[in-house]
Structures are given as structure tokens and as C-alpha cells.
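Since the structure comes first, as C-alpha cells, the remarks are kept for the end.
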Amino acid sequence: MSLDASRTEPRPERLTAHEARQRLEHARATRMTQLRALGESGQADDQLVAAQQDAVERVLKEIDAAFARVDDGTYGACLGCGKPVPGERLEILPYTRYCVACQRRAAA
């Protein structure tokens, strides 16, 4: 199969619970690796390292919240408007709570 052929195949809009869990596990493992690397950097007092650790810890909390949404059946629905979050967005940010439009409003 060529790359072009795979682009023309329709993709399901919603991930299955299994697919969502796999993506979230990968995201969690990646962030845990980042957190360990930051902790091993030997610069625990550095403000930049501390800010990076805080950011990674916030993402880990978002990932945990996404696991809870998978469990309660609300994963993939935007918490702002209730519409399905596009599959492409969930591929990039599997822990996202919002569609792009609602994320913009939440960040404003």
C-alpha cells in the first residue's frame, strides 16, 4: 500500500477505547521519561528545569483525566461544546479536552 492510498481511506472519527488507552499510555510513558530526564539533569534548582517539570506534571494530570473520560465513556467529546473532537486532533494530543475552537476560547 502506498502512502497516497492510505491518505484516501476514510478514518473513523472516534477512537475505540482500546486505541485511546494505547495512545494515552504512550503519551504517559513519554512524559514519564521526560520527567525522569529532567530529574537526572542535576539542575533541580534551575528555574527553567522546575518550570519544565511543572509543565510535564500538568500534562500527566491531563492524561489521567483523559483515562477517566475513557472509563466513563466521554472521551473524545469536547468539554466545551459537546461535539466530537476530530480524530486528527486526538492523534496529536490524545489527552485533549477540547476541540480547537473551544481550546482557543478556554485559553483566551
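Residue names in the C-alpha cells use chain letters A, B, ... in the order shown, residue numbers from 1 in each chain, and ligand numbers from 1 in the order shown.
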
Query - range 91-105 of chain A environment, 10 Å, only C-alpha atoms, sequence neighbours closer than 3 positions dropped, as number ranges by chain - result: A: 15, 19-28, 59-67, 69, 74-88, 108

Query raised in the report: Got a sec to tell me which of chain A DSSP assigns to helix (DSSP H, G or I), as number ranges by chain?
Result: A: 3-8, 17-39, 47-72, 87-92, 100-107

Report task. Measuring atom to atom with only C-alpha atoms, identify which of A:Ala68, A:Val56, A:Ala107, A:Ala17 is nearest to Gly39 in chain A. Result ->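 With only C-alpha atoms as the atom set, the closest residue is A:Val56.
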
Requested in this report: Would you mind reading off the distance between CA of Gly73 in chain A and CA of Thr16 in chain A, one decimal, in Å?
Outcome: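 Going from CA of Gly73 in chain A over to CA of Thr16 in chain A, I get 10.3 Å.
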
Query raised in the report: Which of these residues is nearest to Val70 in chain A, using only C-alpha atoms: A:Ala106, A:His18, A:Leu35, A:Glu57?
Result: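 Nearest candidate to Val70 in chain A out of A:Ala106, A:His18, A:Leu35, A:Glu57: A:His18.
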
Requested in this report: Could you tell me how far CA of Arg89 in chain A lies from CA of Asp72 in chain A, in Å and to one decimal?
Outcome: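 Taking CA of Arg89 in chain A as the start and CA of Asp72 in chain A as the end point, the length is 20.3 Å.
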